[in-house]
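Structure below is query-v3.pdb: PDB, C-alpha atoms, pLDDT in the B column.
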ATOM      1  CA  MET A   1      28.512 -10.900 -48.353  1.00 88.00           C
ATOM      2  CA  PRO A   2      29.722 -13.950 -50.297  1.00 89.00           C
ATOM      3  CA  ASP A   3      28.867 -17.433 -49.040  1.00 94.00           C
ATOM      4  CA  THR A   4      31.615 -19.490 -47.407  1.00 94.00           C
ATOM      5  CA  VAL A   5      32.009 -23.206 -48.128  1.00 95.00           C
ATOM      6  CA  VAL A   6      34.815 -25.199 -46.514  1.00 96.00           C
ATOM      7  CA  LEU A   7      35.754 -28.890 -46.640  1.00 96.00           C
ATOM      8  CA  THR A   8      38.490 -29.841 -44.213  1.00 96.00           C
ATOM      9  CA  GLU A   9      40.034 -32.814 -42.433  1.00 96.00           C
ATOM     10  CA  ASP A  10      40.650 -30.630 -39.374  1.00 97.00           C
ATOM     11  CA  ALA A  11      38.367 -30.222 -36.355  1.00 97.00           C
ATOM     12  CA  LEU A  12      35.633 -27.653 -37.037  1.00 97.00           C
ATOM     13  CA  ASP A  13      35.648 -24.316 -35.187  1.00 97.00           C
ATOM     14  CA  VAL A  14      32.097 -23.204 -34.303  1.00 97.00           C
ATOM     15  CA  ALA A  15      33.219 -19.688 -33.363  1.00 97.00           C
ATOM     16  CA  ALA A  16      34.994 -19.246 -36.699  1.00 96.00           C
ATOM     17  CA  VAL A  17      31.912 -20.333 -38.679  1.00 97.00           C
ATOM     18  CA  SER A  18      29.760 -17.949 -36.635  1.00 97.00           C
ATOM     19  CA  ALA A  19      32.227 -15.113 -37.189  1.00 96.00           C
ATOM     20  CA  ALA A  20      32.218 -15.829 -40.946  1.00 96.00           C
ATOM     21  CA  VAL A  21      28.588 -14.673 -41.161  1.00 97.00           C
ATOM     22  CA  GLY A  22      28.796 -11.818 -38.661  1.00 97.00           C
ATOM     23  CA  ALA A  23      27.922  -8.392 -40.058  1.00 96.00           C
ATOM     24  CA  ASP A  24      26.864  -5.015 -38.725  1.00 97.00           C
ATOM     25  CA  GLU A  25      23.504  -5.315 -40.508  1.00 96.00           C
ATOM     26  CA  ALA A  26      22.758  -8.724 -38.926  1.00 97.00           C
ATOM     27  CA  GLY A  27      20.696  -8.959 -35.753  1.00 95.00           C
ATOM     28  CA  ALA A  28      20.612 -12.746 -35.674  1.00 95.00           C
ATOM     29  CA  ILE A  29      22.884 -15.691 -36.376  1.00 96.00           C
ATOM     30  CA  SER A  30      21.504 -19.222 -36.367  1.00 95.00           C
ATOM     31  CA  LEU A  31      23.867 -22.190 -36.304  1.00 96.00           C
ATOM     32  CA  PHE A  32      23.424 -25.924 -36.681  1.00 95.00           C
ATOM     33  CA  VAL A  33      26.187 -28.295 -35.563  1.00 96.00           C
ATOM     34  CA  GLY A  34      25.983 -31.963 -36.519  1.00 94.00           C
ATOM     35  CA  THR A  35      28.020 -34.160 -34.178  1.00 95.00           C
ATOM     36  CA  THR A  36      28.949 -37.840 -34.000  1.00 95.00           C
ATOM     37  CA  ARG A  37      26.542 -39.534 -31.592  1.00 95.00           C
ATOM     38  CA  CYS A  38      27.728 -42.430 -29.430  1.00 95.00           C
ATOM     39  CA  SER A  39      25.039 -44.893 -30.531  1.00 93.00           C
ATOM     40  CA  PHE A  40      23.259 -45.976 -33.677  1.00 90.00           C
ATOM     41  CA  GLU A  41      20.447 -48.542 -33.754  1.00 89.00           C
ATOM     42  CA  GLY A  42      21.413 -49.820 -30.320  1.00 89.00           C
ATOM     43  CA  ARG A  43      25.120 -50.291 -31.003  1.00 92.00           C
ATOM     44  CA  ARG A  44      28.026 -48.236 -29.701  1.00 94.00           C
ATOM     45  CA  VAL A  45      29.516 -45.857 -32.263  1.00 94.00           C
ATOM     46  CA  VAL A  46      33.212 -45.033 -32.024  1.00 90.00           C
ATOM     47  CA  THR A  47      33.666 -42.855 -35.079  1.00 92.00           C
ATOM     48  CA  LEU A  48      32.075 -41.809 -38.352  1.00 93.00           C
ATOM     49  CA  GLU A  49      34.019 -41.391 -41.562  1.00 94.00           C
ATOM     50  CA  TYR A  50      33.017 -38.957 -44.308  1.00 94.00           C
ATOM     51  CA  GLU A  51      34.338 -38.805 -47.832  1.00 94.00           C
ATOM     52  CA  ALA A  52      33.684 -36.567 -50.825  1.00 92.00           C
ATOM     53  CA  TYR A  53      35.010 -35.622 -54.206  1.00 92.00           C
ATOM     54  CA  ALA A  54      35.856 -32.106 -53.085  1.00 92.00           C
ATOM     55  CA  PRO A  55      35.157 -30.044 -56.236  1.00 92.00           C
ATOM     56  CA  MET A  56      31.727 -31.646 -56.661  1.00 91.00           C
ATOM     57  CA  ALA A  57      30.899 -31.402 -52.946  1.00 91.00           C
ATOM     58  CA  GLU A  58      31.844 -27.733 -52.871  1.00 93.00           C
ATOM     59  CA  ARG A  59      29.608 -27.033 -55.861  1.00 92.00           C
ATOM     60  CA  GLU A  60      26.708 -28.846 -54.177  1.00 91.00           C
ATOM     61  CA  MET A  61      27.269 -26.906 -50.955  1.00 91.00           C
ATOM     62  CA  GLU A  62      27.293 -23.638 -52.916  1.00 93.00           C
ATOM     63  CA  LYS A  63      23.992 -24.658 -54.499  1.00 91.00           C
ATOM     64  CA  LEU A  64      22.502 -25.223 -51.027  1.00 90.00           C
ATOM     65  CA  CYS A  65      23.619 -21.728 -49.998  1.00 92.00           C
ATOM     66  CA  ALA A  66      22.066 -20.243 -53.145  1.00 92.00           C
ATOM     67  CA  ALA A  67      18.817 -22.141 -52.528  1.00 91.00           C
ATOM     68  CA  ALA A  68      18.667 -20.781 -48.971  1.00 91.00           C
ATOM     69  CA  ARG A  69      19.138 -17.236 -50.274  1.00 94.00           C
ATOM     70  CA  HIS A  70      16.402 -17.793 -52.848  1.00 93.00           C
ATOM     71  CA  THR A  71      13.945 -18.876 -50.120  1.00 93.00           C
ATOM     72  CA  TRP A  72      15.133 -16.310 -47.564  1.00 93.00           C
ATOM     73  CA  PRO A  73      16.187 -13.237 -49.585  1.00 94.00           C
ATOM     74  CA  ASP A  74      16.964 -11.197 -46.445  1.00 96.00           C
ATOM     75  CA  ILE A  75      19.898 -13.465 -45.560  1.00 96.00           C
ATOM     76  CA  VAL A  76      23.114 -11.524 -45.002  1.00 97.00           C
ATOM     77  CA  ALA A  77      25.567 -14.441 -45.165  1.00 96.00           C
ATOM     78  CA  VAL A  78      25.738 -18.243 -45.197  1.00 95.00           C
ATOM     79  CA  ALA A  79      28.679 -20.445 -44.189  1.00 95.00           C
ATOM     80  CA  VAL A  80      28.920 -24.245 -44.361  1.00 94.00           C
ATOM     81  CA  HIS A  81      31.967 -26.085 -43.032  1.00 95.00           C
ATOM     82  CA  HIS A  82      32.071 -29.879 -43.428  1.00 94.00           C
ATOM     83  CA  ARG A  83      34.687 -32.161 -41.995  1.00 96.00           C
ATOM     84  CA  LEU A  84      36.005 -35.107 -44.014  1.00 95.00           C
ATOM     85  CA  GLY A  85      37.691 -38.267 -42.763  1.00 95.00           C
ATOM     86  CA  LEU A  86      37.263 -39.653 -39.270  1.00 96.00           C
ATOM     87  CA  VAL A  87      35.017 -37.749 -36.849  1.00 96.00           C
ATOM     88  CA  PRO A  88      35.107 -39.215 -33.306  1.00 95.00           C
ATOM     89  CA  VAL A  89      32.129 -39.235 -30.919  1.00 96.00           C
ATOM     90  CA  GLY A  90      31.221 -35.767 -29.633  1.00 96.00           C
ATOM     91  CA  GLN A  91      33.000 -33.908 -32.429  1.00 97.00           C
ATOM     92  CA  ALA A  92      31.343 -31.906 -35.218  1.00 97.00           C
ATOM     93  CA  SER A  93      31.044 -33.157 -38.793  1.00 95.00           C
ATOM     94  CA  VAL A  94      29.200 -30.111 -40.138  1.00 94.00           C
ATOM     95  CA  VAL A  95      28.547 -26.539 -39.018  1.00 95.00           C
ATOM     96  CA  VAL A  96      26.012 -24.352 -40.848  1.00 94.00           C
ATOM     97  CA  ALA A  97      25.670 -20.642 -39.974  1.00 95.00           C
ATOM     98  CA  VAL A  98      23.213 -18.104 -41.377  1.00 96.00           C
ATOM     99  CA  SER A  99      22.890 -14.426 -40.484  1.00 97.00           C
ATOM    100  CA  SER A 100      20.041 -12.028 -41.194  1.00 96.00           C
ATOM    101  CA  PRO A 101      18.712  -8.687 -39.940  1.00 96.00           C
ATOM    102  CA  HIS A 102      15.776 -10.369 -38.173  1.00 93.00           C
ATOM    103  CA  ARG A 103      15.749 -13.772 -36.531  1.00 91.00           C
ATOM    104  CA  LYS A 104      13.103 -15.534 -38.632  1.00 90.00           C
ATOM    105  CA  ASP A 105      15.241 -15.671 -41.774  1.00 92.00           C
ATOM    106  CA  ALA A 106      18.395 -16.978 -40.073  1.00 92.00           C
ATOM    107  CA  ILE A 107      16.432 -19.547 -38.076  1.00 89.00           C
ATOM    108  CA  GLY A 108      14.391 -20.691 -41.077  1.00 87.00           C
ATOM    109  CA  ALA A 109      17.396 -21.052 -43.348  1.00 87.00           C
ATOM    110  CA  SER A 110      19.726 -22.892 -40.991  1.00 82.00           C
ATOM    111  CA  ARG A 111      17.807 -26.180 -40.918  1.00 75.00           C
ATOM    112  CA  PRO A 112      20.267 -28.204 -42.901  1.00 61.00           C
ATOM    113  CA  SER A 113      20.192 -31.220 -45.040  1.00 61.00           C
ATOM    114  CA  PRO A 114      23.597 -32.821 -45.152  1.00 57.00           C
ATOM    115  CA  PRO A 115      25.339 -31.681 -48.316  1.00 58.00           C
ATOM    116  CA  PRO A 116      24.424 -34.543 -50.655  1.00 60.00           C
ATOM    117  CA  ALA A 117      27.914 -34.681 -52.155  1.00 62.00           C
ATOM    118  CA  VAL A 118      29.428 -35.534 -48.763  1.00 76.00           C
ATOM    119  CA  ASP A 119      28.889 -39.210 -48.027  1.00 82.00           C
ATOM    120  CA  LEU A 120      29.017 -41.104 -44.773  1.00 81.00           C
ATOM    121  CA  ARG A 121      31.655 -43.632 -45.742  1.00 82.00           C
ATOM    122  CA  SER A 122      31.654 -45.788 -42.630  1.00 82.00           C
ATOM    123  CA  ARG A 123      30.273 -46.041 -39.124  1.00 82.00           C
ATOM    124  CA  ASP A 124      32.581 -47.801 -36.683  1.00 84.00           C
ATOM    125  CA  VAL A 125      30.123 -49.624 -34.401  1.00 82.00           C
ATOM    126  CA  ARG A 126      31.105 -52.174 -31.743  1.00 78.00           C
TER     127      ARG A 126
ATOM    128  CA  MET B 127      22.987 -32.796 -18.003  1.00 88.00           C
ATOM    129  CA  PRO B 128      22.086 -29.676 -15.972  1.00 89.00           C
ATOM    130  CA  ASP B 129      21.089 -26.484 -17.768  1.00 94.00           C
ATOM    131  CA  THR B 130      23.563 -23.616 -17.852  1.00 95.00           C
ATOM    132  CA  VAL B 131      22.455 -20.021 -17.342  1.00 95.00           C
ATOM    133  CA  VAL B 132      24.993 -17.198 -17.387  1.00 96.00           C
ATOM    134  CA  LEU B 133      24.647 -13.418 -17.082  1.00 96.00           C
ATOM    135  CA  THR B 134      27.861 -11.535 -17.761  1.00 96.00           C
ATOM    136  CA  GLU B 135      29.200  -8.115 -18.679  1.00 96.00           C
ATOM    137  CA  ASP B 136      31.920  -9.775 -20.776  1.00 97.00           C
ATOM    138  CA  ALA B 137      31.798 -10.549 -24.496  1.00 97.00           C
ATOM    139  CA  LEU B 138      29.982 -13.829 -25.157  1.00 97.00           C
ATOM    140  CA  ASP B 139      31.895 -16.855 -26.445  1.00 97.00           C
ATOM    141  CA  VAL B 140      29.838 -18.848 -28.972  1.00 97.00           C
ATOM    142  CA  ALA B 141      32.222 -21.814 -28.887  1.00 97.00           C
ATOM    143  CA  ALA B 142      32.003 -22.010 -25.088  1.00 96.00           C
ATOM    144  CA  VAL B 143      28.193 -22.002 -25.137  1.00 97.00           C
ATOM    145  CA  SER B 144      28.210 -24.717 -27.802  1.00 97.00           C
ATOM    146  CA  ALA B 145      30.689 -26.779 -25.804  1.00 96.00           C
ATOM    147  CA  ALA B 146      28.501 -26.406 -22.692  1.00 96.00           C
ATOM    148  CA  VAL B 147      25.790 -28.549 -24.323  1.00 97.00           C
ATOM    149  CA  GLY B 148      28.070 -31.024 -26.103  1.00 97.00           C
ATOM    150  CA  ALA B 149      27.608 -34.654 -25.092  1.00 96.00           C
ATOM    151  CA  ASP B 150      28.399 -38.072 -26.510  1.00 97.00           C
ATOM    152  CA  GLU B 151      24.687 -38.864 -26.824  1.00 96.00           C
ATOM    153  CA  ALA B 152      23.973 -35.680 -28.828  1.00 97.00           C
ATOM    154  CA  GLY B 153      23.934 -35.780 -32.615  1.00 95.00           C
ATOM    155  CA  ALA B 154      22.859 -32.166 -33.034  1.00 95.00           C
ATOM    156  CA  ILE B 155      23.483 -28.779 -31.470  1.00 96.00           C
ATOM    157  CA  SER B 156      21.396 -25.785 -32.505  1.00 95.00           C
ATOM    158  CA  LEU B 157      22.477 -22.276 -31.560  1.00 96.00           C
ATOM    159  CA  PHE B 158      20.886 -18.866 -31.781  1.00 95.00           C
ATOM    160  CA  VAL B 159      23.031 -15.739 -31.458  1.00 96.00           C
ATOM    161  CA  GLY B 160      21.334 -12.361 -31.072  1.00 94.00           C
ATOM    162  CA  THR B 161      23.587  -9.504 -32.142  1.00 95.00           C
ATOM    163  CA  THR B 162      23.391  -5.704 -32.107  1.00 95.00           C
ATOM    164  CA  ARG B 163      22.275  -4.558 -35.560  1.00 95.00           C
ATOM    165  CA  CYS B 164      23.573  -1.276 -36.995  1.00 95.00           C
ATOM    166  CA  SER B 165      20.155   0.235 -37.696  1.00 93.00           C
ATOM    167  CA  PHE B 166      16.744   0.512 -36.092  1.00 90.00           C
ATOM    168  CA  GLU B 167      13.749   2.178 -37.718  1.00 89.00           C
ATOM    169  CA  GLY B 168      16.000   3.939 -40.208  1.00 89.00           C
ATOM    170  CA  ARG B 169      18.457   5.375 -37.696  1.00 92.00           C
ATOM    171  CA  ARG B 170      22.045   4.312 -37.077  1.00 94.00           C
ATOM    172  CA  VAL B 171      22.535   2.248 -33.930  1.00 94.00           C
ATOM    173  CA  VAL B 172      25.848   2.522 -32.104  1.00 90.00           C
ATOM    174  CA  THR B 173      25.203   0.311 -29.107  1.00 92.00           C
ATOM    175  CA  LEU B 174      22.483  -1.400 -27.101  1.00 93.00           C
ATOM    176  CA  GLU B 175      22.445  -1.531 -23.334  1.00 94.00           C
ATOM    177  CA  TYR B 176      20.874  -4.364 -21.333  1.00 94.00           C
ATOM    178  CA  GLU B 177      20.102  -4.429 -17.659  1.00 94.00           C
ATOM    179  CA  ALA B 178      18.624  -6.997 -15.301  1.00 92.00           C
ATOM    180  CA  TYR B 179      18.165  -7.803 -11.673  1.00 92.00           C
ATOM    181  CA  ALA B 180      20.412 -10.831 -11.868  1.00 92.00           C
ATOM    182  CA  PRO B 181      18.756 -13.250  -9.418  1.00 92.00           C
ATOM    183  CA  MET B 182      15.338 -12.712 -11.004  1.00 91.00           C
ATOM    184  CA  ALA B 183      16.727 -12.882 -14.550  1.00 91.00           C
ATOM    185  CA  GLU B 184      18.531 -16.130 -13.800  1.00 93.00           C
ATOM    186  CA  ARG B 185      15.350 -17.656 -12.415  1.00 92.00           C
ATOM    187  CA  GLU B 186      13.429 -16.595 -15.536  1.00 91.00           C
ATOM    188  CA  MET B 187      16.137 -18.035 -17.794  1.00 91.00           C
ATOM    189  CA  GLU B 188      16.027 -21.315 -15.855  1.00 93.00           C
ATOM    190  CA  LYS B 189      12.249 -21.387 -16.352  1.00 91.00           C
ATOM    191  CA  LEU B 190      12.754 -20.977 -20.116  1.00 90.00           C
ATOM    192  CA  CYS B 191      15.158 -23.926 -20.108  1.00 92.00           C
ATOM    193  CA  ALA B 192      12.664 -26.029 -18.147  1.00 92.00           C
ATOM    194  CA  ALA B 193       9.862 -25.069 -20.547  1.00 91.00           C
ATOM    195  CA  ALA B 194      12.007 -26.117 -23.514  1.00 91.00           C
ATOM    196  CA  ARG B 195      12.692 -29.487 -21.877  1.00 94.00           C
ATOM    197  CA  HIS B 196       8.975 -29.919 -21.202  1.00 93.00           C
ATOM    198  CA  THR B 197       8.149 -29.351 -24.887  1.00 93.00           C
ATOM    199  CA  TRP B 198      11.157 -31.278 -26.211  1.00 93.00           C
ATOM    200  CA  PRO B 199      11.802 -34.086 -23.690  1.00 94.00           C
ATOM    201  CA  ASP B 200      14.653 -35.544 -25.751  1.00 96.00           C
ATOM    202  CA  ILE B 201      16.837 -32.481 -25.128  1.00 96.00           C
ATOM    203  CA  VAL B 202      20.245 -33.409 -23.719  1.00 97.00           C
ATOM    204  CA  ALA B 203      21.312 -29.938 -22.528  1.00 96.00           C
ATOM    205  CA  VAL B 204      20.377 -26.263 -22.734  1.00 95.00           C
ATOM    206  CA  ALA B 205      22.657 -23.251 -22.217  1.00 95.00           C
ATOM    207  CA  VAL B 206      21.690 -19.574 -22.254  1.00 94.00           C
ATOM    208  CA  HIS B 207      24.317 -16.846 -21.905  1.00 95.00           C
ATOM    209  CA  HIS B 208      23.119 -13.232 -21.833  1.00 94.00           C
ATOM    210  CA  ARG B 209      25.347 -10.182 -21.840  1.00 96.00           C
ATOM    211  CA  LEU B 210      24.501  -7.171 -19.688  1.00 95.00           C
ATOM    212  CA  GLY B 211      25.633  -3.581 -20.109  1.00 95.00           C
ATOM    213  CA  LEU B 212      26.755  -2.074 -23.406  1.00 96.00           C
ATOM    214  CA  VAL B 213      26.772  -4.345 -26.479  1.00 96.00           C
ATOM    215  CA  PRO B 214      28.308  -2.617 -29.537  1.00 95.00           C
ATOM    216  CA  VAL B 215      27.187  -3.241 -33.127  1.00 96.00           C
ATOM    217  CA  GLY B 216      28.108  -6.688 -34.414  1.00 96.00           C
ATOM    218  CA  GLN B 217      28.564  -8.215 -30.969  1.00 97.00           C
ATOM    219  CA  ALA B 218      26.321 -10.815 -29.313  1.00 97.00           C
ATOM    220  CA  SER B 219      23.845  -9.978 -26.563  1.00 95.00           C
ATOM    221  CA  VAL B 220      22.507 -13.525 -26.160  1.00 94.00           C
ATOM    222  CA  VAL B 221      23.577 -17.040 -27.144  1.00 95.00           C
ATOM    223  CA  VAL B 222      21.192 -19.992 -26.765  1.00 94.00           C
ATOM    224  CA  ALA B 223      22.415 -23.555 -27.368  1.00 95.00           C
ATOM    225  CA  VAL B 224      20.415 -26.785 -27.273  1.00 96.00           C
ATOM    226  CA  SER B 225      21.657 -30.317 -27.898  1.00 97.00           C
ATOM    227  CA  SER B 226      19.677 -33.480 -28.616  1.00 96.00           C
ATOM    228  CA  PRO B 227      20.219 -36.928 -30.109  1.00 96.00           C
ATOM    229  CA  HIS B 228      18.333 -35.986 -33.298  1.00 93.00           C
ATOM    230  CA  ARG B 229      18.237 -32.611 -34.970  1.00 91.00           C
ATOM    231  CA  LYS B 230      14.513 -31.845 -34.761  1.00 90.00           C
ATOM    232  CA  ASP B 231      14.507 -31.381 -30.988  1.00 92.00           C
ATOM    233  CA  ALA B 232      17.566 -29.103 -30.842  1.00 92.00           C
ATOM    234  CA  ILE B 233      16.338 -27.024 -33.789  1.00 89.00           C
ATOM    235  CA  GLY B 234      12.797 -26.753 -32.448  1.00 87.00           C
ATOM    236  CA  ALA B 235      13.883 -25.756 -28.960  1.00 87.00           C
ATOM    237  CA  SER B 236      16.473 -23.134 -29.876  1.00 82.00           C
ATOM    238  CA  ARG B 237      14.048 -20.560 -31.228  1.00 75.00           C
ATOM    239  CA  PRO B 238      14.406 -18.085 -28.437  1.00 61.00           C
ATOM    240  CA  SER B 239      12.356 -15.435 -26.885  1.00 61.00           C
ATOM    241  CA  PRO B 240      14.583 -12.923 -25.157  1.00 57.00           C
ATOM    242  CA  PRO B 241      14.637 -13.765 -21.468  1.00 58.00           C
ATOM    243  CA  PRO B 242      11.876 -11.481 -20.204  1.00 60.00           C
ATOM    244  CA  ALA B 243      13.821 -10.498 -17.092  1.00 62.00           C
ATOM    245  CA  VAL B 244      16.612  -9.001 -19.221  1.00 76.00           C
ATOM    246  CA  ASP B 245      15.538  -5.577 -20.460  1.00 83.00           C
ATOM    247  CA  LEU B 246      16.843  -3.482 -23.295  1.00 81.00           C
ATOM    248  CA  ARG B 247      17.700  -0.400 -21.272  1.00 82.00           C
ATOM    249  CA  SER B 248      18.754   1.935 -24.076  1.00 82.00           C
ATOM    250  CA  ARG B 249      19.444   2.072 -27.787  1.00 82.00           C
ATOM    251  CA  ASP B 250      22.108   4.619 -28.729  1.00 84.00           C
ATOM    252  CA  VAL B 251      20.850   5.848 -32.121  1.00 82.00           C
ATOM    253  CA  ARG B 252      22.319   8.787 -34.045  1.00 78.00           C
TER     254      ARG B 252
END
For this file, produce the structure as structure tokens.
Amino acid sequence: MPDTVVLTEDALDVAAVSAAVGADEAGAISLFVGTTRCSFEGRRVVTLEYEAYAPMAEREMEKLCAAARHTWPDIVAVAVHHRLGLVPVGQASVVVAVSSPHRKDAIGASRPSPPPAVDLRSRDVR
Amino acid sequence: MPDTVVLTEDALDVAAVSAAVGADEAGAISLFVGTTRCSFEGRRVVTLEYEAYAPMAEREMEKLCAAARHTWPDIVAVAVHHRLGLVPVGQASVVVAVSSPHRKDAIGASRPSPPPAVDLRSRDVR
């Protein structure tokens, strides 16, 4: 199955990212969801803002998918959805999903680093 | 937040399990989805069937949640939803979700063992 990489200003849909890697030959799906936390270094966070140059960010995200497949060749599918713009407290900025026949590959491969081409532009702390 | 343990004969809803552990103080949610794979030991699988004595299974699942919190005290919330009865190929039999302020706790705690009180009753292979 081809990898799926999405950059969007819309709210992320965990079920859709999970479904994007679902396959009859997969026995396991592992997902990581990064969310905006309400505090940072003791101050109250209201929102985070992410920005990216989309073509470059998408290429970097595709490279991360390829690297995961290189390390975990039994992977069936990888999907990475990253939100851009303002992400309020409690909402997801990134969802990574990996499927594989057996759980160890999906679990091992779904420990994300944030796609390096997506930058945290600002943190609204009060 | 209290842990959430659900046994159901209905299809599992990954987004609902994720939402069950969402919290303003969480920066990470890690999920594991176990699905019915289309083959087992070289034979085609059509469906799996799970059965449990619900009160005992729920107690065992609650113990697993408590054990995860003991190992990873920074956990914000844990949710485990297990399907009973027939689970066709491609569909989820179990969804585990863990949230925490930082990713290492959620990721570390969401590596599941199947709840021992839920048994694989039959594997329809052809």
Between A:Arg44, A:Ser30, A:Ala109, A:Ala19, which is the closest to Ala66 of chain A once you count only C-alpha atoms? A:Ala109
Can you list, as an NGL selection string, the residues that the ChimeraX specification (/B :<8) & /A selects here? :A and (13-15 or 18 or 22-39 or 89-90 or 101 or 103 or 107 or 111)
Go ahead and save the residues from that selection, with C-alpha atoms, as a short mmCIF file (atom, residue, chain, number, x, y, z; two decimals), keeping the file's coordinate frame.
data_model
loop_
_atom_site.label_atom_id
_atom_site.label_comp_id
_atom_site.auth_asym_id
_atom_site.auth_seq_id
_atom_site.Cartn_x
_atom_site.Cartn_y
_atom_site.Cartn_z
CA ASP A 13 35.65 -24.32 -35.19
CA VAL A 14 32.10 -23.20 -34.30
CA ALA A 15 33.22 -19.69 -33.36
CA SER A 18 29.76 -17.95 -36.64
CA GLY A 22 28.80 -11.82 -38.66
CA ALA A 23 27.92 -8.39 -40.06
CA ASP A 24 26.86 -5.01 -38.72
CA GLU A 25 23.50 -5.32 -40.51
CA ALA A 26 22.76 -8.72 -38.93
CA GLY A 27 20.70 -8.96 -35.75
CA ALA A 28 20.61 -12.75 -35.67
CA ILE A 29 22.88 -15.69 -36.38
CA SER A 30 21.50 -19.22 -36.37
CA LEU A 31 23.87 -22.19 -36.30
CA PHE A 32 23.42 -25.92 -36.68
CA VAL A 33 26.19 -28.30 -35.56
CA GLY A 34 25.98 -31.96 -36.52
CA THR A 35 28.02 -34.16 -34.18
CA THR A 36 28.95 -37.84 -34.00
CA ARG A 37 26.54 -39.53 -31.59
CA CYS A 38 27.73 -42.43 -29.43
CA SER A 39 25.04 -44.89 -30.53
CA VAL A 89 32.13 -39.24 -30.92
CA GLY A 90 31.22 -35.77 -29.63
CA PRO A 101 18.71 -8.69 -39.94
CA ARG A 103 15.75 -13.77 -36.53
CA ILE A 107 16.43 -19.55 -38.08
CA ARG A 111 17.81 -26.18 -40.92
#
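Picked out by the PyMOL selection byres ((chain A and resi 72) around 9) when it runs on this file: A:Ala67, A:Ala68, A:Arg69, A:His70, A:Thr71, A:Pro73, A:Asp74, A:Ile75, A:Asp105, A:Ala106, A:Gly108, A:Ala109.
From atom CA of Val202 of chain B back to atom CA of Glu184 of chain B, the distance works out to 20.0 Å.
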Atom CA of Ala57 of chain A to atom CA of Leu86 of chain A: how many Å, to one decimal? 17.2 Å
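In this structure, atom CA of Leu174 of chain B sits 9.0 Å away from atom CA of Val251 of chain B.
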Give me, as a ChimeraX atom specification, all polymer residues having an atom no more than 6 Å from Arg247 of chain B, counting all atoms listed in the file and skipping those fewer than 2 positions away in the same chain. /B:175-177,245
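Evaluated against this file, the PyMOL selection byres ((chain A and resi 52) around 12) yields Leu7, Thr8, Glu9, Glu49, Tyr50, Glu51, Tyr53, Ala54, Pro55, Met56, Ala57, Glu58, Arg59, Glu60, Met61, His82, Arg83, Leu84, Gly85, Pro115, Pro116, Ala117, Val118, Asp119, Leu120 and Arg121 of chain A.
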Pull C-alpha atoms from the residues just selected and write them as an mmCIF file, in the frame of the given file.
data_model
loop_
_atom_site.group_PDB
_atom_site.id
_atom_site.type_symbol
_atom_site.label_atom_id
_atom_site.label_comp_id
_atom_site.auth_asym_id
_atom_site.auth_seq_id
_atom_site.Cartn_x
_atom_site.Cartn_y
_atom_site.Cartn_z
ATOM 1 C CA LEU A 7 35.754 -28.890 -46.640
ATOM 2 C CA THR A 8 38.490 -29.841 -44.213
ATOM 3 C CA GLU A 9 40.034 -32.814 -42.433
ATOM 4 C CA GLU A 49 34.019 -41.391 -41.562
ATOM 5 C CA TYR A 50 33.017 -38.957 -44.308
ATOM 6 C CA GLU A 51 34.338 -38.805 -47.832
ATOM 7 C CA TYR A 53 35.010 -35.622 -54.206
ATOM 8 C CA ALA A 54 35.856 -32.106 -53.085
ATOM 9 C CA PRO A 55 35.157 -30.044 -56.236
ATOM 10 C CA MET A 56 31.727 -31.646 -56.661
ATOM 11 C CA ALA A 57 30.899 -31.402 -52.946
ATOM 12 C CA GLU A 58 31.844 -27.733 -52.871
ATOM 13 C CA ARG A 59 29.608 -27.033 -55.861
ATOM 14 C CA GLU A 60 26.708 -28.846 -54.177
ATOM 15 C CA MET A 61 27.269 -26.906 -50.955
ATOM 16 C CA HIS A 82 32.071 -29.879 -43.428
ATOM 17 C CA ARG A 83 34.687 -32.161 -41.995
ATOM 18 C CA LEU A 84 36.005 -35.107 -44.014
ATOM 19 C CA GLY A 85 37.691 -38.267 -42.763
ATOM 20 C CA PRO A 115 25.339 -31.681 -48.316
ATOM 21 C CA PRO A 116 24.424 -34.543 -50.655
ATOM 22 C CA ALA A 117 27.914 -34.681 -52.155
ATOM 23 C CA VAL A 118 29.428 -35.534 -48.763
ATOM 24 C CA ASP A 119 28.889 -39.210 -48.027
ATOM 25 C CA LEU A 120 29.017 -41.104 -44.773
ATOM 26 C CA ARG A 121 31.655 -43.632 -45.742
#
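Proximity of A:Pro2, A:Asp10, A:Arg126, A:Thr47 to Ala77 of chain A, computed with only C-alpha atoms, is greatest for A:Pro2.
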Determine the nearest neighbour of Ala205 of chain B from the options B:Met127, B:Ala146, B:Val172, B:Leu190, counting only C-alpha atoms. B:Ala146
